[in-house]
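Down below is the structure, laid out as structure tokens.
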Amino acid sequence: MTAVEHRPSLLLEHLEARLATATDRHLSVARDWYPHEYIPWSEGVDFGDVPYDEARSRLAPAVRAAVQLNLLTEDNLPAYHRELNRAFSDDEPWRVWIDRWTAEEGRHAIVLRDYLVVTRCVDPVVLEQERMLAVQTGYRATEKDMLRTMAYVSFQELATRISHRNTGRLSGDEGLEKLLTRIATDENLHMVFYRDLVAAALEVDPAAMLTAIAVELENFSMPGAGGPQFRRRAAAIAKAGIYDNKVHREDVIEPLLRYWRILELTDLDAVAEQARERIVGVCAELDRRIARSAELAAARA
Ligand SMILES: [Fe+2]
Ligand SMILES: [Fe+2]
């Protein structure tokens with residue numbers, strides 16, 4: 001029995017109807033683009049002639065940490081593909097979406113790696129060693145059922161979009177910013193897709209969907225967590241303001257909760273109310289941490 005078959009059929013029917021609409025809409029708005037057009041190939045020099053030298057990388061350490069972390073996440077696509085297949089099922093309507101999504105995500109790793117290697121922004125040996133490690137470690141989220149997966153990927157796609165966008169802005173590198181903006185556009189469409197499935201589930205089974213959102217918010221971590229050098233890089237990325245609690249709260253959690261009108265939902269049963277309180281609790285805790293960080297920063301200034 002798949003994870004999907006555990007769900008009541010009314011919810012499934014509703015979701016599959018929305019899935020069809022959302023897939024059609026995605027295919028009508030997603031634009032094809034070509035990674036090779038974003039790479040300054042004329043900058044390329046054989047590594048046998050000129051070895052890599054980190055001192056000559058034009059990226060600041062925090063930006064380098066961000067692109068390496070983002071690329072490792074994109075590299076781990078086979079594991080995410082497997083998890084989506086498990087959580088959503090391998091049946092036709094889901095599979096059409098998952099395979100399309102996989103094809104789009106594959107571009108992100110291609111374009112990022114080509115850019116970083118040709119421009120010598122990052123050590124290609126480290127990139128390859130870490131890719132091997134990340135893919136062999138994989139990613140398992142068997143505790144996430146369909147609704148939890150939908151909640152998680154909504155937050156995660158938006159988080160990835162914001163992270164790519166902020167990395168590009170901070171990079172001071174026009175070519176990198178252009179390609180990260182292009183990737184961020186894809187991530188935004190992915191977020192919109194999952195966000196609308198969550199909205200559909202909220203219409204039919206608010207208690208189950210709100211509970212799934214609450215659990216995922218309480219346990220949220222980016223998909224690259226646990227990978228090579230994650231903690232050190234995440235700290236550098238937070239310090240630079242590319243992705244920290246404030247960004248997570250204001251640019252990721254807030255817009256999604258607002259879109260789903262979580263605080264305005266009415267006629268909720270006790271389970272749904274309890275889940276909503278947990279969601280409000282996560283936001284309050286994040287607000288406390290953000291305020292504390294601001295106080296500490298002010299005291300240091
Ligand atoms: Fe991506
Ligand atoms: Fe994505």
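Chain identifiers are assigned as A, B, and so on, following the order in which chains appear in the structure tokens; residues are numbered from 1 within each chain, and ligands are numbered from 1 in order of appearance.
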Point to revise | Test item: residues at most 8 Å from Leu59 (chain A), only C-alpha atoms, excluding those fewer than 6 positions along its chain, as an MDAnalysis selection string | key: chainID A and resid 121 171:173
Exercise for review: Give the residue list for ligand 1 at 6 Å, counting only C-alpha atoms and all ligand atoms, as a ChimeraX atom specification, sorted by chain and then by residue number.
Suggested key: /A:74,105,108,187
Practice item. Rank nothing, just name the residue among A:Leu15, A:Ala225, A:Val125, A:Ala109 nearest to Arg140 (chain A), using only C-alpha atoms. Key: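 For Arg140 (chain A), the nearest of the candidates is A:Ala225.
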Exercise for review: Assign secondary structure with DSSP using the backbone only, and return the residues of region 119-247 of chain A in helix (DSSP H, G or I) as a ChimeraX atom specification.
Suggested key: /A:124-137,146-171,174-204,206-218,230-239,245-247
Exercise for review: Can you tell me which residues come within 12 Å of ligand 2 when counting only C-alpha atoms and all ligand atoms, ideally as a ChimeraX atom specification?
Suggested key: /A:70,73-74,77,80-81,98,100-109,153-164,182-194,223
Would you output that residue set with N, CA and C atoms, as a CSV table (one decimal), in the first residue's frame?
chain,number,residue,atom,x,y,z
A,70,ASN,N,24.1,25.5,-2.0
A,70,ASN,CA,22.9,25.4,-3.0
A,70,ASN,C,23.2,24.4,-4.1
A,73,THR,N,22.7,20.9,-2.8
A,73,THR,CA,21.3,20.5,-2.7
A,73,THR,C,20.8,20.2,-4.0
A,74,GLU,N,21.1,21.0,-5.0
A,74,GLU,CA,20.6,20.6,-6.4
A,74,GLU,C,21.2,19.3,-6.9
A,77,LEU,N,19.5,15.7,-6.3
A,77,LEU,CA,18.2,15.5,-6.9
A,77,LEU,C,17.7,14.1,-7.0
A,80,TYR,N,15.8,13.4,-3.8
A,80,TYR,CA,14.5,14.1,-3.7
A,80,TYR,C,13.5,13.5,-4.7
A,81,HIS,N,13.9,13.1,-5.8
A,81,HIS,CA,13.0,12.5,-6.8
A,81,HIS,C,12.4,11.2,-6.2
A,98,ILE,N,6.1,15.0,-11.2
A,98,ILE,CA,7.4,14.7,-10.6
A,98,ILE,C,8.5,14.7,-11.6
A,100,ARG,N,8.5,16.1,-14.6
A,100,ARG,CA,8.8,17.5,-15.2
A,100,ARG,C,9.6,18.3,-14.2
A,101,TRP,N,9.2,18.2,-12.9
A,101,TRP,CA,10.0,19.0,-11.9
A,101,TRP,C,11.4,18.5,-11.8
A,102,THR,N,11.6,17.2,-11.9
A,102,THR,CA,13.0,16.7,-11.9
A,102,THR,C,13.8,17.2,-13.1
A,103,ALA,N,13.2,17.2,-14.3
A,103,ALA,CA,13.9,17.7,-15.4
A,103,ALA,C,14.3,19.2,-15.3
A,104,GLU,N,13.4,20.0,-14.6
A,104,GLU,CA,13.7,21.4,-14.4
A,104,GLU,C,14.8,21.6,-13.4
A,105,GLU,N,14.7,20.8,-12.3
A,105,GLU,CA,15.7,20.9,-11.2
A,105,GLU,C,17.1,20.5,-11.7
A,106,GLY,N,17.2,19.5,-12.7
A,106,GLY,CA,18.4,19.1,-13.2
A,106,GLY,C,19.2,20.2,-13.8
A,107,ARG,N,18.5,21.1,-14.4
A,107,ARG,CA,19.2,22.3,-15.1
A,107,ARG,C,20.0,23.1,-14.0
A,108,HIS,N,19.4,23.2,-12.8
A,108,HIS,CA,20.0,24.1,-11.8
A,108,HIS,C,21.5,23.7,-11.5
A,109,ALA,N,21.6,22.3,-11.3
A,109,ALA,CA,23.0,21.9,-11.0
A,109,ALA,C,23.9,22.0,-12.2
A,153,VAL,N,7.7,20.9,1.0
A,153,VAL,CA,8.3,21.4,-0.3
A,153,VAL,C,7.8,22.8,-0.6
A,154,SER,N,6.6,23.2,-0.1
A,154,SER,CA,6.1,24.6,-0.2
A,154,SER,C,7.1,25.5,0.4
A,155,PHE,N,7.5,25.2,1.7
A,155,PHE,CA,8.4,26.1,2.4
A,155,PHE,C,9.8,26.0,1.8
A,156,GLN,N,10.2,24.8,1.4
A,156,GLN,CA,11.6,24.5,0.9
A,156,GLN,C,11.8,25.2,-0.4
A,157,GLU,N,10.8,25.1,-1.3
A,157,GLU,CA,11.0,25.7,-2.7
A,157,GLU,C,11.1,27.3,-2.5
A,158,LEU,N,10.3,27.8,-1.6
A,158,LEU,CA,10.4,29.3,-1.4
A,158,LEU,C,11.7,29.6,-0.8
A,159,ALA,N,12.1,28.8,0.2
A,159,ALA,CA,13.4,29.1,0.9
A,159,ALA,C,14.5,29.0,-0.1
A,160,THR,N,14.5,28.1,-1.0
A,160,THR,CA,15.5,28.0,-2.0
A,160,THR,C,15.5,29.2,-3.0
A,161,ARG,N,14.3,29.6,-3.3
A,161,ARG,CA,14.2,30.8,-4.2
A,161,ARG,C,14.8,32.0,-3.6
A,162,ILE,N,14.5,32.2,-2.3
A,162,ILE,CA,15.0,33.4,-1.6
A,162,ILE,C,16.5,33.3,-1.4
A,163,SER,N,17.0,32.1,-1.1
A,163,SER,CA,18.4,31.9,-0.9
A,163,SER,C,19.2,32.2,-2.2
A,164,HIS,N,18.7,31.6,-3.3
A,164,HIS,CA,19.4,31.9,-4.6
A,164,HIS,C,19.3,33.4,-4.9
A,182,ARG,N,17.5,33.5,-12.7
A,182,ARG,CA,16.8,32.6,-13.6
A,182,ARG,C,16.4,31.3,-12.8
A,183,ILE,N,17.3,30.8,-12.0
A,183,ILE,CA,16.9,29.6,-11.2
A,183,ILE,C,15.8,29.9,-10.2
A,184,ALA,N,15.9,31.1,-9.6
A,184,ALA,CA,14.9,31.5,-8.6
A,184,ALA,C,13.6,31.6,-9.2
A,185,THR,N,13.5,32.0,-10.5
A,185,THR,CA,12.2,32.0,-11.1
A,185,THR,C,11.6,30.6,-11.2
A,186,ASP,N,12.4,29.6,-11.5
A,186,ASP,CA,11.9,28.2,-11.5
A,186,ASP,C,11.4,27.8,-10.1
A,187,GLU,N,12.2,28.1,-9.1
A,187,GLU,CA,11.9,27.7,-7.8
A,187,GLU,C,10.6,28.4,-7.3
A,188,ASN,N,10.4,29.6,-7.8
A,188,ASN,CA,9.1,30.3,-7.5
A,188,ASN,C,7.9,29.5,-8.1
A,189,LEU,N,8.0,29.1,-9.3
A,189,LEU,CA,6.9,28.3,-9.9
A,189,LEU,C,6.7,27.0,-9.2
A,190,HIS,N,7.8,26.4,-8.8
A,190,HIS,CA,7.6,25.1,-8.0
A,190,HIS,C,6.9,25.4,-6.7
A,191,MET,N,7.3,26.5,-6.0
A,191,MET,CA,6.6,26.8,-4.8
A,191,MET,C,5.1,27.1,-5.0
A,192,VAL,N,4.8,27.8,-6.1
A,192,VAL,CA,3.4,28.1,-6.4
A,192,VAL,C,2.6,26.8,-6.6
A,193,PHE,N,3.2,25.9,-7.3
A,193,PHE,CA,2.6,24.6,-7.5
A,193,PHE,C,2.2,23.9,-6.2
A,194,TYR,N,3.2,23.7,-5.4
A,194,TYR,CA,2.9,23.0,-4.1
A,194,TYR,C,2.0,23.8,-3.2
A,223,PRO,N,17.1,21.2,2.8
A,223,PRO,CA,17.4,19.9,2.4
A,223,PRO,C,18.9,19.5,2.5
Practice item. Find the residues near Ala151 (chain A): any atom within 8 Å, counting only C-alpha atoms, skip ones fewer than 5 places away on the same chain, and give them as a PyMOL selection string. Key: chain A and resi 194-195+198+212-213+216
Practice item. Would you mind telling me which residue in A:Asn76, A:Thr167, A:Ser221, A:Asn245 lies nearest to Ala294 (chain A) when using only C-alpha atoms? Key: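 Checking each candidate against Ala294 (chain A), we get A:Asn245 as the closest.
Nearest residue to His14 (chain A), choosing from A:Ser293, A:Leu256, A:Ala200, A:Ala284 and counting only C-alpha atoms: A:Ala200.
If you look at CA of Glu273 (chain A) and CA of Thr149 (chain A), they are 21.0 Å away from each other.
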